[in-house]
Amino acid sequence: MRDFAEIQHHARQLAGMSGVDLERAPPRTCRLWEARALALFHLAAGDKAEAHKVMAPFKRPNLQRNGGSRHG
């Protein structure tokens with residue numbers, strides 16, 4: 001398992017590449033980028049299932065699952 005400080009470091013780097021300053025971001029945004037960094041570590045290790053678990057709390061409900069549409 002990665003050290004949390006290492007995850008935070010990579011989260012700041014990833015967010016910065018997207019123009020997001022985690023020093024000024026709300027806590028949920030910080031947690032999202034930390035999850036993305038952790039998921040990338042899992043993907044790099046070949047563990048796609050664990051990456052999906054890490055990102056699951058941040059997924060939006062699938063509006064098309066019941067025949068709905070995202071565009072109205």
# chains A, B, ... in the order shown; residues from 1 in each chain; ligands from 1

call {"tool": "residues_around", "arguments": {"residues": "A:Thr29", "least_positions_apart": "5", "cutoff": "12 Å", "atoms": "only C-alpha atoms", "output": "JSON, numbers by chain"}}
result
{"A": [11, 12, 15, 20, 21, 22, 23, 24, 34, 35, 36, 58]}

call {"tool": "select_by_dssp", "arguments": {"residues": "chain A", "states": "helix (DSSP H, G or I)", "output": "PDB file with N, CA, C and O atoms, in the first residue's frame"}}
result
ATOM      1  N   PHE A   4       0.163   7.633   2.446  1.00  0.00           N
ATOM      2  CA  PHE A   4      -0.841   8.655   2.135  1.00  0.00           C
ATOM      3  C   PHE A   4      -0.193   9.938   1.638  1.00  0.00           C
ATOM      4  O   PHE A   4      -0.721  10.594   0.739  1.00  0.00           O
ATOM      5  N   ALA A   5       0.960  10.308   2.181  1.00  0.00           N
ATOM      6  CA  ALA A   5       1.654  11.515   1.723  1.00  0.00           C
ATOM      7  C   ALA A   5       2.035  11.384   0.244  1.00  0.00           C
ATOM      8  O   ALA A   5       1.968  12.354  -0.513  1.00  0.00           O
ATOM      9  N   GLU A   6       2.408  10.177  -0.158  1.00  0.00           N
ATOM     10  CA  GLU A   6       2.752   9.943  -1.558  1.00  0.00           C
ATOM     11  C   GLU A   6       1.509  10.083  -2.448  1.00  0.00           C
ATOM     12  O   GLU A   6       1.570  10.679  -3.531  1.00  0.00           O
ATOM     13  N   ILE A   7       0.389   9.555  -1.978  1.00  0.00           N
ATOM     14  CA  ILE A   7      -0.872   9.680  -2.728  1.00  0.00           C
ATOM     15  C   ILE A   7      -1.236  11.154  -2.869  1.00  0.00           C
ATOM     16  O   ILE A   7      -1.596  11.613  -3.957  1.00  0.00           O
ATOM     17  N   GLN A   8      -1.135  11.916  -1.775  1.00  0.00           N
ATOM     18  CA  GLN A   8      -1.451  13.346  -1.826  1.00  0.00           C
ATOM     19  C   GLN A   8      -0.532  14.076  -2.801  1.00  0.00           C
ATOM     20  O   GLN A   8      -0.980  14.954  -3.535  1.00  0.00           O
ATOM     21  N   HIS A   9       0.737  13.731  -2.789  1.00  0.00           N
ATOM     22  CA  HIS A   9       1.698  14.355  -3.697  1.00  0.00           C
ATOM     23  C   HIS A   9       1.285  14.126  -5.156  1.00  0.00           C
ATOM     24  O   HIS A   9       1.237  15.066  -5.953  1.00  0.00           O
ATOM     25  N   HIS A  10       0.967  12.888  -5.484  1.00  0.00           N
ATOM     26  CA  HIS A  10       0.568  12.575  -6.850  1.00  0.00           C
ATOM     27  C   HIS A  10      -0.786  13.192  -7.191  1.00  0.00           C
ATOM     28  O   HIS A  10      -1.016  13.598  -8.333  1.00  0.00           O
ATOM     29  N   ALA A  11      -1.661  13.286  -6.209  1.00  0.00           N
ATOM     30  CA  ALA A  11      -2.955  13.936  -6.426  1.00  0.00           C
ATOM     31  C   ALA A  11      -2.748  15.407  -6.801  1.00  0.00           C
ATOM     32  O   ALA A  11      -3.388  15.911  -7.726  1.00  0.00           O
ATOM     33  N   ARG A  12      -1.848  16.079  -6.097  1.00  0.00           N
ATOM     34  CA  ARG A  12      -1.565  17.492  -6.412  1.00  0.00           C
ATOM     35  C   ARG A  12      -0.988  17.627  -7.813  1.00  0.00           C
ATOM     36  O   ARG A  12      -1.341  18.550  -8.550  1.00  0.00           O
ATOM     37  N   GLN A  13      -0.115  16.696  -8.199  1.00  0.00           N
ATOM     38  CA  GLN A  13       0.459  16.737  -9.541  1.00  0.00           C
ATOM     39  C   GLN A  13      -0.608  16.523 -10.605  1.00  0.00           C
ATOM     40  O   GLN A  13      -0.665  17.259 -11.595  1.00  0.00           O
ATOM     41  N   LEU A  14      -1.449  15.509 -10.420  1.00  0.00           N
ATOM     42  CA  LEU A  14      -2.510  15.237 -11.390  1.00  0.00           C
ATOM     43  C   LEU A  14      -3.476  16.407 -11.499  1.00  0.00           C
ATOM     44  O   LEU A  14      -3.848  16.814 -12.601  1.00  0.00           O
ATOM     45  N   ALA A  15      -3.891  16.928 -10.353  1.00  0.00           N
ATOM     46  CA  ALA A  15      -4.822  18.055 -10.350  1.00  0.00           C
ATOM     47  C   ALA A  15      -4.192  19.266 -11.031  1.00  0.00           C
ATOM     48  O   ALA A  15      -4.842  19.959 -11.822  1.00  0.00           O
ATOM     49  N   GLY A  16      -2.931  19.506 -10.740  1.00  0.00           N
ATOM     50  CA  GLY A  16      -2.233  20.638 -11.347  1.00  0.00           C
ATOM     51  C   GLY A  16      -2.185  20.546 -12.864  1.00  0.00           C
ATOM     52  O   GLY A  16      -2.297  21.551 -13.561  1.00  0.00           O
ATOM     53  N   MET A  17      -2.045  19.319 -13.391  1.00  0.00           N
ATOM     54  CA  MET A  17      -2.038  19.135 -14.841  1.00  0.00           C
ATOM     55  C   MET A  17      -3.385  19.504 -15.462  1.00  0.00           C
ATOM     56  O   MET A  17      -3.461  19.826 -16.638  1.00  0.00           O
ATOM     57  N   PRO A  27     -12.816  20.230   0.264  1.00  0.00           N
ATOM     58  CA  PRO A  27     -12.380  18.897   0.693  1.00  0.00           C
ATOM     59  C   PRO A  27     -12.824  17.764  -0.240  1.00  0.00           C
ATOM     60  O   PRO A  27     -12.060  16.851  -0.512  1.00  0.00           O
ATOM     61  N   ARG A  28     -14.046  17.819  -0.750  1.00  0.00           N
ATOM     62  CA  ARG A  28     -14.509  16.734  -1.634  1.00  0.00           C
ATOM     63  C   ARG A  28     -13.678  16.687  -2.915  1.00  0.00           C
ATOM     64  O   ARG A  28     -13.369  15.608  -3.418  1.00  0.00           O
ATOM     65  N   THR A  29     -13.291  17.832  -3.435  1.00  0.00           N
ATOM     66  CA  THR A  29     -12.454  17.873  -4.635  1.00  0.00           C
ATOM     67  C   THR A  29     -11.087  17.261  -4.338  1.00  0.00           C
ATOM     68  O   THR A  29     -10.557  16.494  -5.146  1.00  0.00           O
ATOM     69  N   CYS A  30     -10.546  17.566  -3.176  1.00  0.00           N
ATOM     70  CA  CYS A  30      -9.258  16.977  -2.781  1.00  0.00           C
ATOM     71  C   CYS A  30      -9.362  15.463  -2.680  1.00  0.00           C
ATOM     72  O   CYS A  30      -8.491  14.741  -3.175  1.00  0.00           O
ATOM     73  N   ARG A  31     -10.446  14.987  -2.061  1.00  0.00           N
ATOM     74  CA  ARG A  31     -10.628  13.534  -1.937  1.00  0.00           C
ATOM     75  C   ARG A  31     -10.768  12.878  -3.312  1.00  0.00           C
ATOM     76  O   ARG A  31     -10.258  11.777  -3.538  1.00  0.00           O
ATOM     77  N   LEU A  32     -11.437  13.556  -4.243  1.00  0.00           N
ATOM     78  CA  LEU A  32     -11.582  13.016  -5.599  1.00  0.00           C
ATOM     79  C   LEU A  32     -10.222  12.840  -6.256  1.00  0.00           C
ATOM     80  O   LEU A  32      -9.922  11.782  -6.814  1.00  0.00           O
ATOM     81  N   TRP A  33      -9.373  13.857  -6.166  1.00  0.00           N
ATOM     82  CA  TRP A  33      -8.048  13.762  -6.790  1.00  0.00           C
ATOM     83  C   TRP A  33      -7.164  12.752  -6.073  1.00  0.00           C
ATOM     84  O   TRP A  33      -6.365  12.058  -6.715  1.00  0.00           O
ATOM     85  N   GLU A  34      -7.314  12.621  -4.768  1.00  0.00           N
ATOM     86  CA  GLU A  34      -6.566  11.586  -4.043  1.00  0.00           C
ATOM     87  C   GLU A  34      -7.016  10.199  -4.493  1.00  0.00           C
ATOM     88  O   GLU A  34      -6.203   9.300  -4.689  1.00  0.00           O
ATOM     89  N   ALA A  35      -8.320  10.041  -4.691  1.00  0.00           N
ATOM     90  CA  ALA A  35      -8.843   8.760  -5.174  1.00  0.00           C
ATOM     91  C   ALA A  35      -8.321   8.470  -6.577  1.00  0.00           C
ATOM     92  O   ALA A  35      -7.958   7.325  -6.889  1.00  0.00           O
ATOM     93  N   ARG A  36      -8.278   9.479  -7.413  1.00  0.00           N
ATOM     94  CA  ARG A  36      -7.753   9.284  -8.767  1.00  0.00           C
ATOM     95  C   ARG A  36      -6.290   8.844  -8.735  1.00  0.00           C
ATOM     96  O   ARG A  36      -5.889   7.951  -9.484  1.00  0.00           O
ATOM     97  N   ALA A  37      -5.507   9.456  -7.869  1.00  0.00           N
ATOM     98  CA  ALA A  37      -4.098   9.069  -7.759  1.00  0.00           C
ATOM     99  C   ALA A  37      -3.978   7.629  -7.267  1.00  0.00           C
ATOM    100  O   ALA A  37      -3.203   6.844  -7.823  1.00  0.00           O
ATOM    101  N   LEU A  38      -4.758   7.270  -6.253  1.00  0.00           N
ATOM    102  CA  LEU A  38      -4.714   5.910  -5.735  1.00  0.00           C
ATOM    103  C   LEU A  38      -5.178   4.911  -6.798  1.00  0.00           C
ATOM    104  O   LEU A  38      -4.580   3.847  -6.973  1.00  0.00           O
ATOM    105  N   ALA A  39      -6.224   5.260  -7.521  1.00  0.00           N
ATOM    106  CA  ALA A  39      -6.717   4.381  -8.588  1.00  0.00           C
ATOM    107  C   ALA A  39      -5.651   4.172  -9.655  1.00  0.00           C
ATOM    108  O   ALA A  39      -5.485   3.056 -10.164  1.00  0.00           O
ATOM    109  N   LEU A  40      -4.906   5.214  -9.968  1.00  0.00           N
ATOM    110  CA  LEU A  40      -3.830   5.059 -10.949  1.00  0.00           C
ATOM    111  C   LEU A  40      -2.751   4.097 -10.463  1.00  0.00           C
ATOM    112  O   LEU A  40      -2.216   3.305 -11.247  1.00  0.00           O
ATOM    113  N   PHE A  41      -2.440   4.145  -9.183  1.00  0.00           N
ATOM    114  CA  PHE A  41      -1.473   3.194  -8.627  1.00  0.00           C
ATOM    115  C   PHE A  41      -1.991   1.763  -8.784  1.00  0.00           C
ATOM    116  O   PHE A  41      -1.247   0.863  -9.149  1.00  0.00           O
ATOM    117  N   HIS A  42      -3.274   1.571  -8.499  1.00  0.00           N
ATOM    118  CA  HIS A  42      -3.854   0.230  -8.648  1.00  0.00           C
ATOM    119  C   HIS A  42      -3.846  -0.212 -10.110  1.00  0.00           C
ATOM    120  O   HIS A  42      -3.539  -1.373 -10.402  1.00  0.00           O
ATOM    121  N   LEU A  43      -4.170   0.698 -11.006  1.00  0.00           N
ATOM    122  CA  LEU A  43      -4.144   0.349 -12.431  1.00  0.00           C
ATOM    123  C   LEU A  43      -2.730  -0.009 -12.886  1.00  0.00           C
ATOM    124  O   LEU A  43      -2.535  -0.963 -13.648  1.00  0.00           O
ATOM    125  N   ALA A  44      -1.762   0.762 -12.410  1.00  0.00           N
ATOM    126  CA  ALA A  44      -0.371   0.481 -12.778  1.00  0.00           C
ATOM    127  C   ALA A  44       0.072  -0.890 -12.266  1.00  0.00           C
ATOM    128  O   ALA A  44       0.910  -1.551 -12.891  1.00  0.00           O
ATOM    129  N   LYS A  48      -7.379  -3.635 -11.825  1.00  0.00           N
ATOM    130  CA  LYS A  48      -8.486  -2.800 -12.300  1.00  0.00           C
ATOM    131  C   LYS A  48      -9.679  -2.836 -11.338  1.00  0.00           C
ATOM    132  O   LYS A  48     -10.334  -1.816 -11.121  1.00  0.00           O
ATOM    133  N   ALA A  49      -9.943  -3.983 -10.749  1.00  0.00           N
ATOM    134  CA  ALA A  49     -11.075  -4.107  -9.823  1.00  0.00           C
ATOM    135  C   ALA A  49     -10.897  -3.186  -8.617  1.00  0.00           C
ATOM    136  O   ALA A  49     -11.847  -2.525  -8.187  1.00  0.00           O
ATOM    137  N   GLU A  50      -9.687  -3.129  -8.075  1.00  0.00           N
ATOM    138  CA  GLU A  50      -9.437  -2.262  -6.918  1.00  0.00           C
ATOM    139  C   GLU A  50      -9.536  -0.787  -7.321  1.00  0.00           C
ATOM    140  O   GLU A  50     -10.039   0.039  -6.557  1.00  0.00           O
ATOM    141  N   ALA A  51      -9.082  -0.454  -8.518  1.00  0.00           N
ATOM    142  CA  ALA A  51      -9.203   0.922  -9.013  1.00  0.00           C
ATOM    143  C   ALA A  51     -10.676   1.327  -9.100  1.00  0.00           C
ATOM    144  O   ALA A  51     -11.046   2.438  -8.716  1.00  0.00           O
ATOM    145  N   HIS A  52     -11.519   0.403  -9.563  1.00  0.00           N
ATOM    146  CA  HIS A  52     -12.957   0.686  -9.632  1.00  0.00           C
ATOM    147  C   HIS A  52     -13.540   0.886  -8.241  1.00  0.00           C
ATOM    148  O   HIS A  52     -14.384   1.765  -8.038  1.00  0.00           O
ATOM    149  N   LYS A  53     -13.104   0.088  -7.272  1.00  0.00           N
ATOM    150  CA  LYS A  53     -13.585   0.237  -5.891  1.00  0.00           C
ATOM    151  C   LYS A  53     -13.228   1.608  -5.330  1.00  0.00           C
ATOM    152  O   LYS A  53     -14.036   2.244  -4.657  1.00  0.00           O
ATOM    153  N   VAL A  54     -12.007   2.039  -5.603  1.00  0.00           N
ATOM    154  CA  VAL A  54     -11.544   3.335  -5.099  1.00  0.00           C
ATOM    155  C   VAL A  54     -12.396   4.468  -5.675  1.00  0.00           C
ATOM    156  O   VAL A  54     -12.744   5.421  -4.972  1.00  0.00           O
ATOM    157  N   MET A  55     -12.746   4.358  -6.952  1.00  0.00           N
ATOM    158  CA  MET A  55     -13.479   5.430  -7.615  1.00  0.00           C
ATOM    159  C   MET A  55     -14.991   5.350  -7.428  1.00  0.00           C
ATOM    160  O   MET A  55     -15.693   6.324  -7.682  1.00  0.00           O
ATOM    161  N   ALA A  56     -15.499   4.228  -6.969  1.00  0.00           N
ATOM    162  CA  ALA A  56     -16.948   4.020  -6.847  1.00  0.00           C
ATOM    163  C   ALA A  56     -17.682   5.133  -6.088  1.00  0.00           C
ATOM    164  O   ALA A  56     -18.748   5.566  -6.530  1.00  0.00           O
ATOM    165  N   PRO A  57     -17.166   5.630  -4.967  1.00  0.00           N
ATOM    166  CA  PRO A  57     -17.899   6.682  -4.248  1.00  0.00           C
ATOM    167  C   PRO A  57     -18.042   7.987  -5.043  1.00  0.00           C
ATOM    168  O   PRO A  57     -18.854   8.839  -4.694  1.00  0.00           O
ATOM    169  N   PHE A  58     -17.283   8.135  -6.105  1.00  0.00           N
ATOM    170  CA  PHE A  58     -17.309   9.376  -6.873  1.00  0.00           C
ATOM    171  C   PHE A  58     -18.077   9.246  -8.182  1.00  0.00           C
ATOM    172  O   PHE A  58     -18.173  10.204  -8.945  1.00  0.00           O
TER     173      PHE A  58
END

call {"tool": "decode", "arguments": {"residues": "chain A", "atoms": "C-alpha atoms", "output": "compact mmCIF listing (two decimals), in the first residue's frame"}}
result
# COMPACT_ATOMS: atom_id res chain seq x y z
CA MET A 1 0.00 0.00 0.00
CA ARG A 2 1.18 3.49 -0.78
CA ASP A 3 1.95 6.06 1.88
CA PHE A 4 -0.84 8.66 2.14
CA ALA A 5 1.65 11.51 1.72
CA GLU A 6 2.75 9.94 -1.56
CA ILE A 7 -0.87 9.68 -2.73
CA GLN A 8 -1.45 13.35 -1.83
CA HIS A 9 1.70 14.35 -3.70
CA HIS A 10 0.57 12.57 -6.85
CA ALA A 11 -2.96 13.94 -6.43
CA ARG A 12 -1.57 17.49 -6.41
CA GLN A 13 0.46 16.74 -9.54
CA LEU A 14 -2.51 15.24 -11.39
CA ALA A 15 -4.82 18.06 -10.35
CA GLY A 16 -2.23 20.64 -11.35
CA MET A 17 -2.04 19.14 -14.84
CA SER A 18 -5.76 19.82 -15.11
CA GLY A 19 -5.46 23.35 -13.75
CA VAL A 20 -6.84 22.53 -10.29
CA ASP A 21 -5.12 23.96 -7.22
CA LEU A 22 -5.84 21.55 -4.37
CA GLU A 23 -4.62 24.09 -1.84
CA ARG A 24 -7.74 26.15 -2.66
CA ALA A 25 -10.11 23.31 -3.51
CA PRO A 26 -12.96 22.12 -1.27
CA PRO A 27 -12.38 18.90 0.69
CA ARG A 28 -14.51 16.73 -1.63
CA THR A 29 -12.45 17.87 -4.63
CA CYS A 30 -9.26 16.98 -2.78
CA ARG A 31 -10.63 13.53 -1.94
CA LEU A 32 -11.58 13.02 -5.60
CA TRP A 33 -8.05 13.76 -6.79
CA GLU A 34 -6.57 11.59 -4.04
CA ALA A 35 -8.84 8.76 -5.17
CA ARG A 36 -7.75 9.28 -8.77
CA ALA A 37 -4.10 9.07 -7.76
CA LEU A 38 -4.71 5.91 -5.73
CA ALA A 39 -6.72 4.38 -8.59
CA LEU A 40 -3.83 5.06 -10.95
CA PHE A 41 -1.47 3.19 -8.63
CA HIS A 42 -3.85 0.23 -8.65
CA LEU A 43 -4.14 0.35 -12.43
CA ALA A 44 -0.37 0.48 -12.78
CA ALA A 45 -0.20 -2.64 -10.60
CA GLY A 46 -2.73 -4.35 -12.88
CA ASP A 47 -5.59 -4.28 -10.36
CA LYS A 48 -8.49 -2.80 -12.30
CA ALA A 49 -11.07 -4.11 -9.82
CA GLU A 50 -9.44 -2.26 -6.92
CA ALA A 51 -9.20 0.92 -9.01
CA HIS A 52 -12.96 0.69 -9.63
CA LYS A 53 -13.58 0.24 -5.89
CA VAL A 54 -11.54 3.33 -5.10
CA MET A 55 -13.48 5.43 -7.62
CA ALA A 56 -16.95 4.02 -6.85
CA PRO A 57 -17.90 6.68 -4.25
CA PHE A 58 -17.31 9.38 -6.87
CA LYS A 59 -19.37 7.86 -9.69
CA ARG A 60 -22.56 9.59 -10.72
CA PRO A 61 -25.64 7.44 -11.03
CA ASN A 62 -26.07 6.04 -14.51
CA LEU A 63 -29.10 7.93 -15.80
CA GLN A 64 -29.39 5.71 -18.87
CA ARG A 65 -29.66 2.48 -16.87
CA ASN A 66 -33.48 2.69 -16.73
CA GLY A 67 -33.97 4.04 -20.23
CA GLY A 68 -33.51 7.68 -19.22
CA SER A 69 -31.41 10.14 -21.13
CA ARG A 70 -28.76 12.56 -19.99
CA HIS A 71 -29.84 15.03 -22.66
CA GLY A 72 -33.53 15.20 -21.86
